[in-house]
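Peer 1: Structure provided below as structure tokens; questions to follow.
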Amino acid sequence: MTTLADPVPGGRPGDVDRATALSRSLFEQGVHGIVLAYVDTAGIGRVKTVPTSRLASAAAWGVGMSPVFDTFLANDHIVTTDVLGSPDGDLRLYPDLDQVVVLAAQPGWAWAPVDRITQDGERHPGCSRTFLRRIVAAAARDHGLTFRAGIEIEWTVGRGSAPDGEFVPATTGPAYGATRQVELSDYLGDLLAALAAQGVDVDQVHPEYAAGQFEVSVGALDPVAAADRSVLVRQTVRAVAQRHGLRVSFSPAVVARGVGNGGHVHLSAWRDGRNLHSGGERRYGMTADAESFAAGVLAHLPALTAVTAPSPASHLRLKPSQWAGVFTCWGLETRETAIRVVTGTAGLRDQQANLEVKPVDLAANPYLALGCLIAAGLDGLASGASLPEEVTGDPAGLDAEEAAARGVRRLPTSLTEAVEEFRADGELRGALGPVLADAVAAVREGEIAAVHGLDDDRVAAAYRWVY
Ligand code: GLU
Ligand code: MG
């Protein structure tokens, strides 16, 4: 379980002693530098690094970094809100010692996610990891709930030798095909070894549908740890690829047309050690609370897409009949509804049952995405919301009248539309707080302006190697 305690100047209780012992052990393992990782509002992973000898100091006093990154765009341009984006000020980055990992594919390095506080020791309202910790802590306090979450990772492997900027798939052969596993056998083997060495329990790795595409799924964790893990796994997928002369992209749409890279979220709510998605009185074993939670997520999905599918490239992926879940509906094990109710296998249901949310990609900041999904679910839970009738098959096949009658609507088809929905969703903005909510809107609007006038191919190219 990740610590939910905010960092404090001088260090969280016990952290300085822990960090001192940890740095000794890291030295013994040949680690000379620690990557301090966080994800900005645009979904870009950004880092600072410190020598291993500075870990205890970082645990006590943090490491300086400008707050300007809260309003960076994916192309490194900077937008502003009333309080963010200024060149003034400084923040302190605090490593979470519970999550320090020696990087197997980057010899000499360890990795840790960070929380950010102000120089005065206050929570930084723009810190997405702090936001998720706050949502998780409030759910425990107000509703007695904990969560288990997992973020699937799809990525595309290209040849490192391809002409600059171009994507040339590093494998041939059919979707899900044996050929791909054979051709990238060494890469995939090294990836599994690296993830195992880092203590990441992998459920499976498989060739996916699109050219050069693969997927890894990992075990569910508490939401903060699941978001950390999503960042760590991507760092590892990339680092192992680099050693094999390969280039990876997590962009929602590496090319403009066809199936893209998703980052589906699996989420379950638990109370007193019991999975609320199993063994209940409602459809498919859901308890009333699990149904209300799912209904809350469903109701907020149009606005949520501004957080879960935040890039202009996200909207190249969010197309019907490409398994990205672009209609506001749910179904049992249905791969075209935005929410797939997963009951799990008989005998394991009390452990496995969960909701899969599909209109999520890996341009999303995972802390914001999980925090907002949970906030949306809690809103449904608080109002005792219920789910409409389920959808079977592909909702793209419903005629307009039937879809309208059943409340099935297409999610926003552009980032502009998504931002409008987001701006109109007071609940979601309230959960984020004004600073983060304004940062989300400003950064999305910045991305929209950055691609103004570009056709789909050029949008895909602009973000191809950014995520
Ligand atoms: N690649 C699909 C997406 O963009 C998902 C495929 C799957 O269901 O695993 O979400
Ligand atoms: Mg997949």
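Scheme for the structure tokens: letters A, B, ... for chains in order shown; per-chain residue numbers from 1; ligand numbers from 1 in order shown.
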Which chains and residue numbers are within 10 Å of ligand 1, counting only C-alpha atoms and all ligand atoms, if I want them as a ChimeraX atom specification?

Peer 2: /A:152-155,206,208-210,213-217,252-253,258-264,314,316-319,321-326,334-336,338,357-362

Peer 1: DSSP on the backbone, then: every residue of segment 174-413 of chain A marked strand (DSSP E or B), written as a PyMOL selection string.

Peer 2: chain A and resi 202-207+213-218+221+246-249+265-271+274-275+327-332+337-342+354-357+410

Peer 1: Name all residues at most 10 Å from Arg274 of chain A (count only C-alpha atoms; drop same-chain ones fewer than 6 positions away) and give them as a PyMOL selection string.

Peer 2: chain A and resi 145-146+350-351

Peer 1: Write a file of the selected residues as a PDB file, in the first residue's frame, keeping C-alpha atoms.

Peer 2:
ATOM      1  CA  LEU A 145     -13.905   2.276   0.337  1.00  0.00           C
ATOM      2  CA  THR A 146     -10.596   1.128  -1.079  1.00  0.00           C
ATOM      3  CA  ASP A 350     -14.652 -12.264  -5.618  1.00  0.00           C
ATOM      4  CA  GLN A 351     -11.069 -11.353  -6.530  1.00  0.00           C
TER       5      GLN A 351
END

Peer 1: At a cut-off of 7 Å, using only C-alpha atoms, what residues contact Asn354 of chain A? Leave out same-chain residues fewer than 3 positions from it and give the result as a list in words.

Peer 2: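 Result of the neighbour search: His266, Leu267, Ser268, His277, Val341, Val342 and Thr343 of chain A.
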
Peer 1: Emit the selected residues as a CSV table (one decimal), in the first residue's frame, including C-alpha atoms.

Peer 2:
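Contents of the output file selection_4.csv:
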chain,number,residue,atom,x,y,z
A,266,HIS,CA,-9.6,-1.8,-14.7
A,267,LEU,CA,-11.1,-0.6,-11.4
A,268,SER,CA,-12.9,-2.2,-8.5
A,277,HIS,CA,-18.5,-6.0,-7.9
A,341,VAL,CA,-18.4,-5.2,-16.8
A,342,VAL,CA,-15.9,-8.0,-16.1
A,343,THR,CA,-17.2,-10.7,-13.8

Peer 1: Distance atom CA of Ser161 of chain A-atom CA of Trp465 of chain A, one decimal place?

Peer 2: 14.0 Å

Peer 1: For Ile374 of chain A, which residue out of A:Gly347, A:Gly144, A:Gly11, A:Gly296 is the nearest one, using only C-alpha atoms?

Peer 2: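 Selected residue with least distance to Ile374 of chain A: A:Gly296.
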
Peer 1: Quick one: residues within 12 Å of His143 of chain A, only C-alpha atoms, excluding same-chain residues fewer than 5 positions away - as a list in words?

Peer 2: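 Counting only C-alpha atoms, the residues come to Ile135, Val136, Ala137, Ala138, Ala269, Trp270, Arg271, Asp272, Asp289, Phe293, Ala375, Gly377, Leu378, Asp379, Leu381 and Ala382 of chain A.
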
Peer 1: I'd like the contact shell of segment 237-246 of chain A - 12 Å cut-off, only C-alpha atoms, skipping same-chain residues fewer than 6 positions apart - returned as a ChimeraX atom specification.

Peer 2: /A:103-107,109,153-162,167-171,184-195,205,212,214-216,229-231,465,467

Peer 1: Between A:Leu4, A:Ala442, A:Ala175, A:Ala403, single out the one closest to ligand 2, counting only C-alpha atoms and all ligand atoms.

Peer 2: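 Smallest separation from ligand 2 among the options: A:Ala175.
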
Peer 1: Pick out each residue of segment 244-319 of chain A that DSSP on the backbone tags as alpha helix (DSSP H); I need them as an NGL selection string.

Peer 2: :A and (288-308 or 314-317)
